[in-house]
file run02.csv (CSV, C-alpha atoms and all ligand atoms)
chain,number,residue,atom,x,y,z
H,1,MET,CA,-36.0,-19.6,-19.9
H,2,ILE,CA,-34.9,-15.9,-19.8
H,3,GLN,CA,-31.4,-15.5,-18.4
H,4,HIS,CA,-31.0,-12.2,-16.6
H,5,LEU,CA,-27.6,-10.5,-17.2
H,6,PRO,CA,-25.9,-9.5,-14.0
H,7,LYS,CA,-26.0,-5.7,-13.3
H,8,PRO,CA,-22.6,-4.3,-14.1
H,9,VAL,CA,-20.3,-3.2,-11.3
H,10,LEU,CA,-18.3,0.1,-11.2
H,11,ILE,CA,-15.2,-0.5,-9.2
H,12,ALA,CA,-13.8,2.7,-7.7
H,13,GLY,CA,-10.1,2.3,-6.9
H,14,ALA,CA,-7.3,0.4,-8.6
H,15,GLY,CA,-5.2,-0.6,-5.5
H,16,ILE,CA,-4.7,-4.3,-4.7
H,17,THR,CA,-8.3,-4.5,-3.4
H,18,GLY,CA,-10.0,-3.1,-6.5
H,19,ILE,CA,-7.9,-5.2,-8.9
H,20,SER,CA,-8.5,-8.3,-6.9
H,21,CYS,CA,-12.3,-7.6,-7.0
H,22,ALA,CA,-12.1,-7.1,-10.8
H,23,ILE,CA,-10.2,-10.4,-11.3
H,24,SER,CA,-12.8,-12.2,-9.2
H,25,LEU,CA,-15.7,-10.6,-11.2
H,26,ARG,CA,-14.0,-11.5,-14.5
H,27,GLU,CA,-13.7,-15.1,-13.4
H,28,ARG,CA,-17.4,-15.2,-12.8
H,29,GLY,CA,-18.5,-13.4,-15.9
H,30,VAL,CA,-19.9,-10.3,-14.2
H,31,PRO,CA,-19.4,-7.1,-16.3
H,32,PHE,CA,-17.4,-4.3,-14.7
H,33,ARG,CA,-15.3,-1.3,-15.3
H,34,ILE,CA,-12.7,0.2,-13.1
H,35,VAL,CA,-12.2,4.0,-12.4
H,36,ASN,CA,-9.1,5.1,-10.5
H,37,LYS,CA,-8.2,8.5,-9.1
H,38,GLY,CA,-4.7,9.0,-10.3
H,39,ARG,CA,-2.7,8.2,-13.4
H,40,ARG,CA,-1.3,4.9,-12.1
H,41,VAL,CA,-2.6,1.8,-10.4
H,42,GLY,CA,-1.4,0.6,-7.0
H,43,GLY,CA,-2.7,3.1,-4.5
H,44,ARG,CA,-0.7,2.7,-1.3
H,45,MET,CA,1.5,0.1,-3.0
H,46,ALA,CA,3.4,3.0,-4.5
H,47,SER,CA,6.8,3.3,-6.1
H,48,ARG,CA,8.2,6.7,-7.1
H,49,ALA,CA,11.0,7.4,-9.5
H,50,VAL,CA,13.9,9.7,-8.5
H,51,ARG,CA,13.9,12.9,-10.6
H,52,GLY,CA,16.4,15.7,-10.8
H,53,SER,CA,18.9,14.2,-8.3
H,54,GLY,CA,21.8,14.9,-10.5
H,55,THR,CA,23.1,11.4,-9.8
H,56,ALA,CA,23.3,8.2,-11.8
H,57,PHE,CA,20.2,7.1,-10.0
H,58,ASP,CA,17.7,9.3,-11.8
H,59,GLY,CA,14.8,7.0,-12.8
H,60,ARG,CA,15.4,4.5,-10.0
H,61,VAL,CA,12.2,3.7,-8.1
H,62,PHE,CA,11.8,3.9,-4.3
H,63,ASP,CA,8.9,2.2,-2.5
H,64,THR,CA,7.2,5.1,-0.7
H,65,GLY,CA,4.1,3.3,0.6
H,66,ALA,CA,3.9,-0.4,1.6
H,67,SER,CA,7.3,-1.7,2.5
H,68,TYR,CA,6.8,-5.4,1.8
H,69,PHE,CA,4.1,-8.0,2.2
H,70,THR,CA,3.7,-11.3,4.0
H,71,VAL,CA,1.6,-14.4,3.0
H,72,SER,CA,-0.6,-16.6,5.2
H,73,GLU,CA,-3.7,-17.5,3.3
H,74,SER,CA,-3.6,-20.4,0.8
H,75,GLN,CA,-5.3,-18.6,-2.2
H,76,PHE,CA,-3.1,-15.5,-1.8
H,77,ALA,CA,-0.1,-17.9,-1.6
H,78,THR,CA,-1.1,-19.2,-5.0
H,79,VAL,CA,-1.2,-15.7,-6.4
H,80,VAL,CA,2.2,-14.9,-4.9
H,81,ALA,CA,3.6,-18.2,-6.4
H,82,GLU,CA,2.4,-17.0,-9.8
H,83,LEU,CA,4.0,-13.5,-9.2
H,84,GLU,CA,7.3,-15.2,-8.1
H,85,THR,CA,7.3,-17.4,-11.3
H,86,ALA,CA,6.7,-14.3,-13.4
H,87,GLY,CA,9.7,-12.7,-11.7
H,88,VAL,CA,7.6,-9.9,-10.2
H,89,VAL,CA,8.2,-10.7,-6.5
H,90,GLN,CA,11.0,-12.3,-4.6
H,91,PRO,CA,11.3,-13.5,-1.0
H,92,TRP,CA,13.2,-10.8,0.8
H,93,THR,CA,14.0,-11.6,4.4
H,94,ASP,CA,12.6,-13.0,7.6
H,95,THR,CA,14.9,-11.0,9.8
H,96,PHE,CA,14.8,-7.3,10.6
H,97,HIS,CA,16.8,-5.3,13.1
H,98,PHE,CA,15.2,-3.2,15.8
H,99,ALA,CA,16.5,0.0,17.4
H,100,ASP,CA,15.6,2.4,20.1
H,101,ALA,CA,16.2,6.1,20.1
H,102,GLU,CA,20.0,5.6,20.7
H,103,GLY,CA,20.8,3.0,18.0
H,104,ILE,CA,20.4,-0.6,16.8
H,105,ALA,CA,19.5,-2.9,19.7
H,106,GLY,CA,19.2,-6.3,18.1
H,107,VAL,CA,17.6,-8.5,15.4
H,108,LYS,CA,14.3,-10.3,15.3
H,109,ALA,CA,13.1,-13.1,13.1
H,110,GLY,CA,9.6,-13.2,11.8
H,111,PRO,CA,7.6,-14.4,8.7
H,112,MET,CA,9.1,-14.2,5.2
H,113,ARG,CA,8.7,-10.7,3.8
H,114,TYR,CA,8.4,-10.4,0.1
H,115,ARG,CA,9.7,-7.6,-2.1
H,116,ALA,CA,9.3,-6.6,-5.7
H,117,GLU,CA,12.4,-5.9,-7.7
H,118,GLY,CA,10.6,-3.4,-10.0
H,119,GLY,CA,9.0,-1.6,-7.0
H,120,ILE,CA,5.9,-2.8,-5.1
H,121,ARG,CA,3.6,-1.0,-7.5
H,122,SER,CA,4.7,-3.5,-10.2
H,123,ILE,CA,2.7,-6.2,-8.3
H,124,VAL,CA,-0.6,-4.4,-8.9
H,125,GLU,CA,0.5,-3.4,-12.5
H,126,TYR,CA,1.1,-7.1,-13.2
H,127,LEU,CA,-2.2,-8.2,-11.8
H,128,ALA,CA,-4.0,-5.5,-13.7
H,129,ARG,CA,-2.1,-6.1,-17.0
H,130,ASP,CA,-5.2,-7.3,-19.0
H,131,LEU,CA,-7.6,-4.8,-17.4
H,132,VAL,CA,-8.7,-1.5,-18.7
H,133,ILE,CA,-8.4,1.2,-16.1
H,134,GLU,CA,-10.2,4.5,-16.6
H,135,GLU,CA,-8.5,7.5,-14.9
H,136,GLY,CA,-11.0,9.7,-12.9
H,137,GLU,CA,-12.6,10.2,-9.6
H,138,VAL,CA,-15.9,8.6,-8.7
H,139,THR,CA,-17.9,11.3,-6.9
H,140,ALA,CA,-21.5,9.8,-6.7
H,141,VAL,CA,-23.4,6.5,-6.7
H,142,PRO,CA,-24.1,5.7,-10.4
H,143,ALA,CA,-27.7,5.0,-11.6
H,144,GLN,CA,-27.1,2.1,-13.9
H,145,GLU,CA,-24.3,0.2,-12.1
H,146,ARG,CA,-23.6,-1.3,-8.7
H,147,LEU,CA,-20.8,0.6,-7.0
H,148,ALA,CA,-17.8,-1.2,-5.3
H,149,LEU,CA,-15.8,1.3,-3.3
H,150,CYS,CA,-12.3,-0.2,-2.9
H,151,MET,CA,-10.4,2.3,-0.8
H,152,PRO,CA,-10.0,3.4,2.8
H,153,THR,CA,-13.4,4.1,4.4
H,154,PRO,CA,-12.7,7.9,4.9
H,155,GLN,CA,-12.2,8.1,1.1
H,156,ALA,CA,-15.3,5.9,0.4
H,157,ALA,CA,-17.4,8.2,2.7
H,158,ARG,CA,-16.7,11.2,0.4
H,159,VAL,CA,-18.7,9.3,-2.3
H,160,TYR,CA,-21.2,7.5,0.0
H,161,PRO,CA,-21.4,9.1,3.5
H,162,LYS,CA,-23.0,6.1,5.1
H,163,ALA,CA,-19.7,4.2,4.6
H,164,SER,CA,-18.3,5.9,7.7
H,165,GLU,CA,-21.0,4.2,9.8
H,166,LEU,CA,-19.6,0.8,8.9
H,167,SER,CA,-16.1,1.3,10.0
H,168,THR,CA,-14.7,1.6,13.5
H,169,ALA,CA,-11.1,2.0,12.1
H,170,VAL,CA,-9.1,5.0,13.1
H,171,TRP,CA,-6.6,5.7,10.4
H,172,GLU,CA,-3.1,7.1,11.1
H,173,PRO,CA,-1.1,9.1,8.7
H,174,VAL,CA,2.5,8.4,7.7
H,175,ILE,CA,5.0,10.6,5.9
H,176,SER,CA,7.7,8.5,4.2
H,177,VAL,CA,11.0,10.1,3.4
H,178,SER,CA,13.1,8.6,0.6
H,179,MET,CA,16.8,9.4,0.6
H,180,LEU,CA,19.7,8.8,-1.7
H,181,PHE,CA,23.3,9.0,-0.5
H,182,ASP,CA,26.7,9.1,-2.3
H,183,ARG,CA,27.5,5.7,-0.9
H,184,ALA,CA,26.2,3.4,1.9
H,185,HIS,CA,27.4,4.8,5.2
H,186,TRP,CA,25.9,1.9,7.1
H,187,SER,CA,26.6,-1.8,7.7
H,188,SER,CA,24.4,-4.2,5.9
H,189,PHE,CA,20.7,-4.5,7.0
H,190,ASP,CA,17.3,-5.0,5.4
H,191,GLY,CA,15.0,-3.1,7.7
H,192,ILE,CA,14.9,-1.6,11.1
H,193,PHE,CA,11.9,-1.2,13.4
H,194,VAL,CA,12.5,1.9,15.5
H,195,ASN,CA,10.8,1.5,18.9
H,196,GLN,CA,10.1,4.3,21.4
H,197,ASP,CA,11.2,7.0,19.1
H,198,ALA,CA,8.9,10.1,18.9
H,199,HIS,CA,10.0,10.8,15.3
H,200,ILE,CA,10.5,7.7,13.2
H,201,THR,CA,9.1,4.1,13.3
H,202,TRP,CA,10.9,2.3,10.4
H,203,ILE,CA,14.0,2.4,8.2
H,204,ALA,CA,14.1,0.3,5.0
H,205,ASN,CA,17.3,-0.3,3.1
H,206,ASP,CA,15.7,0.3,-0.3
H,207,GLY,CA,18.9,-0.9,-2.1
H,208,ALA,CA,18.7,-4.3,-0.4
H,209,ARG,CA,14.9,-4.4,-1.0
H,210,ARG,CA,15.2,-3.5,-4.7
H,211,GLY,CA,18.2,-5.8,-5.1
H,212,ASP,CA,20.3,-3.1,-6.8
H,213,HIS,CA,22.2,-2.2,-3.6
H,214,ALA,CA,21.9,1.5,-4.3
H,215,PRO,CA,22.7,3.7,-1.2
H,216,ALA,CA,19.0,4.4,-0.7
H,217,LEU,CA,16.9,4.5,2.5
H,218,VAL,CA,13.2,5.0,3.1
H,219,VAL,CA,12.2,6.3,6.6
H,220,HIS,CA,8.6,6.3,8.0
H,221,MET,CA,7.8,9.1,10.3
H,222,SER,CA,5.7,8.5,13.4
H,223,PRO,CA,1.9,9.1,13.1
H,224,VAL,CA,2.0,11.9,15.6
H,225,LEU,CA,4.8,13.8,13.8
H,226,SER,CA,3.3,13.0,10.4
H,227,ALA,CA,-0.1,14.4,11.5
H,228,GLY,CA,1.5,17.7,12.3
H,229,HIS,CA,3.2,18.0,8.9
H,230,LEU,CA,0.5,16.9,6.4
H,231,VAL,CA,0.3,20.4,4.8
H,232,ASN,CA,4.0,20.6,4.1
H,233,PRO,CA,5.5,17.1,4.4
H,234,SER,CA,9.0,18.1,3.3
H,235,GLU,CA,9.4,19.9,6.6
H,236,VAL,CA,10.1,16.5,8.2
H,237,ILE,CA,13.1,15.7,6.0
H,238,PRO,CA,15.8,17.3,8.4
H,239,ILE,CA,14.2,15.4,11.3
H,240,ALA,CA,14.4,12.1,9.3
H,241,VAL,CA,18.0,12.7,8.4
H,242,ALA,CA,19.0,13.5,12.0
H,243,ARG,CA,17.3,10.4,13.3
H,244,ILE,CA,19.0,8.0,10.8
H,245,GLN,CA,22.4,9.7,11.3
H,246,LYS,CA,22.0,9.0,15.1
H,247,ILE,CA,20.7,5.4,14.7
H,248,LEU,CA,23.0,4.3,11.9
H,249,GLY,CA,26.0,6.3,13.2
H,250,PHE,CA,27.1,8.6,10.4
H,251,ASP,CA,27.1,12.4,9.6
H,252,GLU,CA,26.7,12.6,5.8
H,253,GLU,CA,23.7,14.3,4.2
H,254,PRO,CA,21.6,12.7,1.5
H,255,ALA,CA,22.3,13.8,-2.1
H,256,TRP,CA,18.6,13.7,-2.8
H,257,SER,CA,15.5,13.3,-0.7
H,258,HIS,CA,11.7,13.4,-1.1
H,259,ALA,CA,8.8,13.3,1.4
H,260,HIS,CA,5.5,11.6,0.5
H,261,ARG,CA,2.3,12.1,2.6
H,262,TRP,CA,-0.1,9.3,3.2
H,263,THR,CA,-3.1,10.9,5.0
H,264,PHE,CA,-4.8,7.5,5.3
H,265,ALA,CA,-1.8,5.1,5.6
H,266,LYS,CA,-3.0,2.4,7.9
H,267,PRO,CA,-5.8,1.7,10.3
H,268,ILE,CA,-4.5,1.5,13.9
H,269,GLU,CA,-6.8,-1.5,14.2
H,270,GLY,CA,-8.9,-3.1,11.5
H,271,THR,CA,-12.7,-3.1,11.7
H,272,THR,CA,-13.8,-6.6,12.7
H,273,SER,CA,-16.8,-7.7,10.6
H,274,PRO,CA,-18.2,-11.2,9.8
H,275,THR,CA,-17.0,-10.7,6.2
H,276,PRO,CA,-14.0,-8.8,4.8
H,277,HIS,CA,-16.4,-6.5,2.8
H,278,PHE,CA,-19.8,-4.9,3.1
H,279,VAL,CA,-22.6,-5.0,0.6
H,280,LEU,CA,-25.4,-2.4,1.2
H,281,GLY,CA,-27.8,-2.9,-1.7
H,282,GLU,CA,-26.2,-1.2,-4.7
H,283,VAL,CA,-23.1,0.0,-2.9
H,284,SER,CA,-20.4,-2.1,-1.4
H,285,LEU,CA,-17.1,-1.6,0.3
H,286,ALA,CA,-13.8,-3.5,0.4
H,287,SER,CA,-10.4,-2.6,1.7
H,288,ASP,CA,-7.6,-3.9,3.9
H,289,GLU,CA,-9.3,-2.4,6.9
H,290,PHE,CA,-12.0,-5.1,7.2
H,291,SER,CA,-9.5,-7.5,8.8
H,292,ALA,CA,-7.8,-7.9,12.1
H,293,ARG,CA,-4.5,-7.4,10.3
H,294,PRO,CA,-4.8,-4.6,7.7
H,295,ARG,CA,-2.2,-5.1,5.1
H,296,VAL,CA,-1.6,-6.0,1.4
H,297,GLU,CA,-2.9,-9.6,1.8
H,298,ALA,CA,-6.0,-8.4,3.6
H,299,GLY,CA,-6.8,-6.0,0.7
H,300,TRP,CA,-6.4,-8.8,-1.8
H,301,LEU,CA,-8.7,-11.1,0.2
H,302,SER,CA,-11.3,-8.3,0.8
H,303,GLY,CA,-11.5,-7.5,-3.0
H,304,ARG,CA,-11.7,-11.2,-3.9
H,305,ASP,CA,-14.5,-11.9,-1.4
H,306,LEU,CA,-16.4,-8.8,-2.5
H,307,GLY,CA,-16.2,-10.0,-6.1
H,308,HIS,CA,-17.6,-13.4,-5.1
H,309,ALA,CA,-20.4,-11.7,-3.2
H,310,LEU,CA,-21.3,-9.4,-6.1
H,311,ALA,CA,-21.4,-12.4,-8.4
H,312,GLU,CA,-23.9,-14.1,-6.2
H,313,VAL,CA,-26.3,-11.2,-5.8
H,314,ARG,CA,-27.4,-10.1,-9.3
X,401,LIG,C1,3.4,4.0,4.5
X,401,LIG,C2,2.7,2.7,4.4
X,401,LIG,C3,3.3,1.5,4.8
X,401,LIG,C4,2.7,0.3,4.6
X,401,LIG,N1,3.4,-0.8,4.9
X,401,LIG,C5,2.9,-2.0,4.6
X,401,LIG,C6,3.7,-3.2,4.8
X,401,LIG,O1,4.9,-3.2,5.1
X,401,LIG,N2,3.1,-4.4,4.5
X,401,LIG,C7,1.7,-4.5,4.1
X,401,LIG,O2,1.3,-5.6,3.9
X,401,LIG,N3,1.0,-3.4,4.0
X,401,LIG,C8,1.5,-2.2,4.2
X,401,LIG,N4,0.8,-1.0,4.0
X,401,LIG,C9,-0.7,-1.2,3.7
X,401,LIG,C10,-0.9,-1.5,2.3
X,401,LIG,O3,-0.3,-0.5,1.4
X,401,LIG,C11,-2.4,-1.6,2.1
X,401,LIG,O4,-2.9,-2.6,2.9
X,401,LIG,C12,-2.9,-1.9,0.6
X,401,LIG,O5,-2.2,-1.2,-0.3
X,401,LIG,C13,-4.4,-1.6,0.6
X,401,LIG,O6,-4.8,-1.5,-0.8
X,401,LIG,P1,-6.2,-1.0,-1.2
X,401,LIG,O7,-6.5,-1.3,-2.6
X,401,LIG,O8,-7.2,-1.4,-0.2
X,401,LIG,O9,-6.2,0.6,-0.9
X,401,LIG,P2,-5.3,1.7,-1.7
X,401,LIG,O10,-4.0,1.1,-2.0
X,401,LIG,O11,-5.4,2.9,-0.8
X,401,LIG,O12,-6.1,2.0,-3.1
X,401,LIG,C14,-7.2,2.8,-3.2
X,401,LIG,C15,-7.3,3.3,-4.6
X,401,LIG,O13,-8.5,4.0,-4.7
X,401,LIG,C16,-8.3,5.3,-5.4
X,401,LIG,N5,-9.4,6.2,-5.1
X,401,LIG,C17,-9.7,6.8,-3.9
X,401,LIG,N6,-10.8,7.5,-4.0
X,401,LIG,C18,-11.3,7.3,-5.2
X,401,LIG,C19,-12.4,7.8,-5.9
X,401,LIG,N7,-13.4,8.6,-5.3
X,401,LIG,N8,-12.6,7.4,-7.2
X,401,LIG,C20,-11.7,6.5,-7.8
X,401,LIG,N9,-10.6,6.1,-7.2
X,401,LIG,C21,-10.4,6.5,-5.9
X,401,LIG,C22,-7.0,5.7,-4.9
X,401,LIG,O14,-6.4,6.7,-5.7
X,401,LIG,C23,-6.2,4.4,-4.9
X,401,LIG,O15,-5.6,4.1,-6.1
X,401,LIG,C24,1.4,0.2,4.1
X,401,LIG,C25,0.7,1.4,3.7
X,401,LIG,C26,1.4,2.6,3.8
X,401,LIG,C27,0.7,3.9,3.3
call {"tool": "encode", "arguments": {"input": "run02.csv", "output": "structure tokens"}}
result
Amino acid sequence: MIQHLPKPVLIAGAGITGISCAISLRERGVPFRIVNKGRRVGGRMASRAVRGSGTAFDGRVFDTGASYFTVSESQFATVVAELETAGVVQPWTDTFHFADAEGIAGVKAGPMRYRAEGGIRSIVEYLARDLVIEEGEVTAVPAQERLALCMPTPQAARVYPKASELSTAVWEPVISVSMLFDRAHWSSFDGIFVNQDAHITWIANDGARRGDHAPALVVHMSPVLSAGHLVNPSEVIPIAVARIQKILGFDEEPAWSHAHRWTFAKPIEGTTSPTPHFVLGEVSLASDEFSARPRVEAGWLSGRDLGHALAEVR
């Protein structure tokens, strides 16, 4: 009997979704290659090193995209247990503070949030450790491969315009501002959700998150403010500094700061679909947005399920 080889898959995107898809295809013996725009894997799970601060912290990484992740699904829990055993991730906290425009207003318990001592990008780097990633931008549907677009739909639509018809998600931008101080001018905290503030939504204590206790904060600017500063994100730095000074109650300026722009940071709401991916003939889509709760875990599940589906349809 002639056995047909499965048609190879070109995975575009090496964020958690693309890497999860690749692992799933590898397990099922489907040939694939991965092409990623950008030099490093991780996508929105990004960690950026301090450069030129003139402090002892040059080289230290800040998490500029995803802040942490949570776990609810059993297979993802198995992956997280493996990451924990390998020393890549650590349980961080189940309690964050919340604040209003005037200052800290209380604490709130929730699910366990996980952190990565080496920066959140190190999670994707670890999962991708045996994979070959080609650097480049996929710009068209290839003739000889099936194409798996593992990225936010607005980016997928640049390669395959029909992708936008499949998503009802509205994406909001976030500018994240990383700051380094001479010392911690605040009392101990892990993270603060800032409610009803026109300028910022979240403050992470990056020193607590990284475990090195560096005097380091990461602030997420509100979507509306971010949308108005995508061309020149560093304009928001003085606003971020003023807001944390007010909320945390100190006057000192950061020794170093950096603003990073995420044009497609998070969908306001995910696109609900029967599966966490779409297969349209030779082109398929996966990302965190095909879930009621768009987040790291949703990206991993979407990529895994797309890998399963592509292994079925040869
Ligand atoms: C500011 C911020 C805060 C967040 N906070 C949290 C949080 O606290 N907890 C949580 O769980 N989640 C959080 N998230 C969401 C989380 O980061 C995402 O759910 C997850 O990273 C999705 O991964 P992905 O692989 O689907 O997409 P991405 O990480 O966006 O990866 C897509 C990849 O595709 C590449 N790419 C794009 N176009 C092309 C192309 N044409 N050709 C080749 N490659 C291409 C990109 O360069 C990128 O590497 C946050 C995100 C942001 C931005």
call {"tool": "residues_around", "arguments": {"input": "run02.csv", "residues": "Trp262 of chain H", "least_positions_apart": "4", "cutoff": "10 Å", "atoms": "only C-alpha atoms", "output": "ChimeraX atom specification"}}
result
/H:44,64-65,172-176,226-227,230,233,266
call {"tool": "residues_near_point", "arguments": {"input": "run02.csv", "point": "(16.6, 7.0, -11.8)", "cutoff": "7 Å", "atoms": "only C-alpha atoms", "output": "ChimeraX atom specification"}}
result
/H:49-51,56-61
call {"tool": "residues_around", "arguments": {"input": "run02.csv", "residues": "Ala198 of chain H", "least_positions_apart": "3", "cutoff": "10 Å", "atoms": "all atoms listed in the file", "output": "CSV table (one decimal) with C-alpha atoms, keeping the file's coordinate frame"}}
result
chain,number,residue,atom,x,y,z
H,101,ALA,CA,16.2,6.1,20.1
H,194,VAL,CA,12.5,1.9,15.5
H,195,ASN,CA,10.8,1.5,18.9
H,201,THR,CA,9.1,4.1,13.3
H,221,MET,CA,7.8,9.1,10.3
H,222,SER,CA,5.7,8.5,13.4
H,223,PRO,CA,1.9,9.1,13.1
H,224,VAL,CA,2.0,11.9,15.6
H,225,LEU,CA,4.8,13.8,13.8
call {"tool": "closest_residue", "arguments": {"input": "run02.csv", "among": "H:Asp197, H:Asp94, H:Glu282, H:Glu117", "to": "Tyr160 of chain H", "atoms": "all atoms listed in the file"}}
result
H:Glu282
call {"tool": "residues_near_ligand", "arguments": {"input": "run02.csv", "ligand": "ligand LIG 401 (chain X)", "cutoff": "7 Å", "atoms": "all atoms listed in the file", "output": "MDAnalysis selection string"}}
result
chainID H and resid 12:18 35:38 41:45 64:70 136:139 150:152 155:156 159 174:176 220 262 264:266 286:288 294:299
call {"tool": "closest_residue", "arguments": {"input": "run02.csv", "among": "H:Ile239, H:Val88, H:Ala157, H:Ala148", "to": "Ile123 of chain H", "atoms": "all atoms listed in the file"}}
result
H:Val88
call {"tool": "closest_residue", "arguments": {"input": "run02.csv", "among": "H:Ala216, H:Leu149, H:Ala169, H:Ala208", "to": "Phe181 of chain H", "atoms": "only C-alpha atoms"}}
result
H:Ala216
call {"tool": "atom_distance", "arguments": {"input": "run02.csv", "atom1": "atom CA of Asp63 of chain H", "atom2": "atom CA of Thr95 of chain H"}}
result
19.0 Å
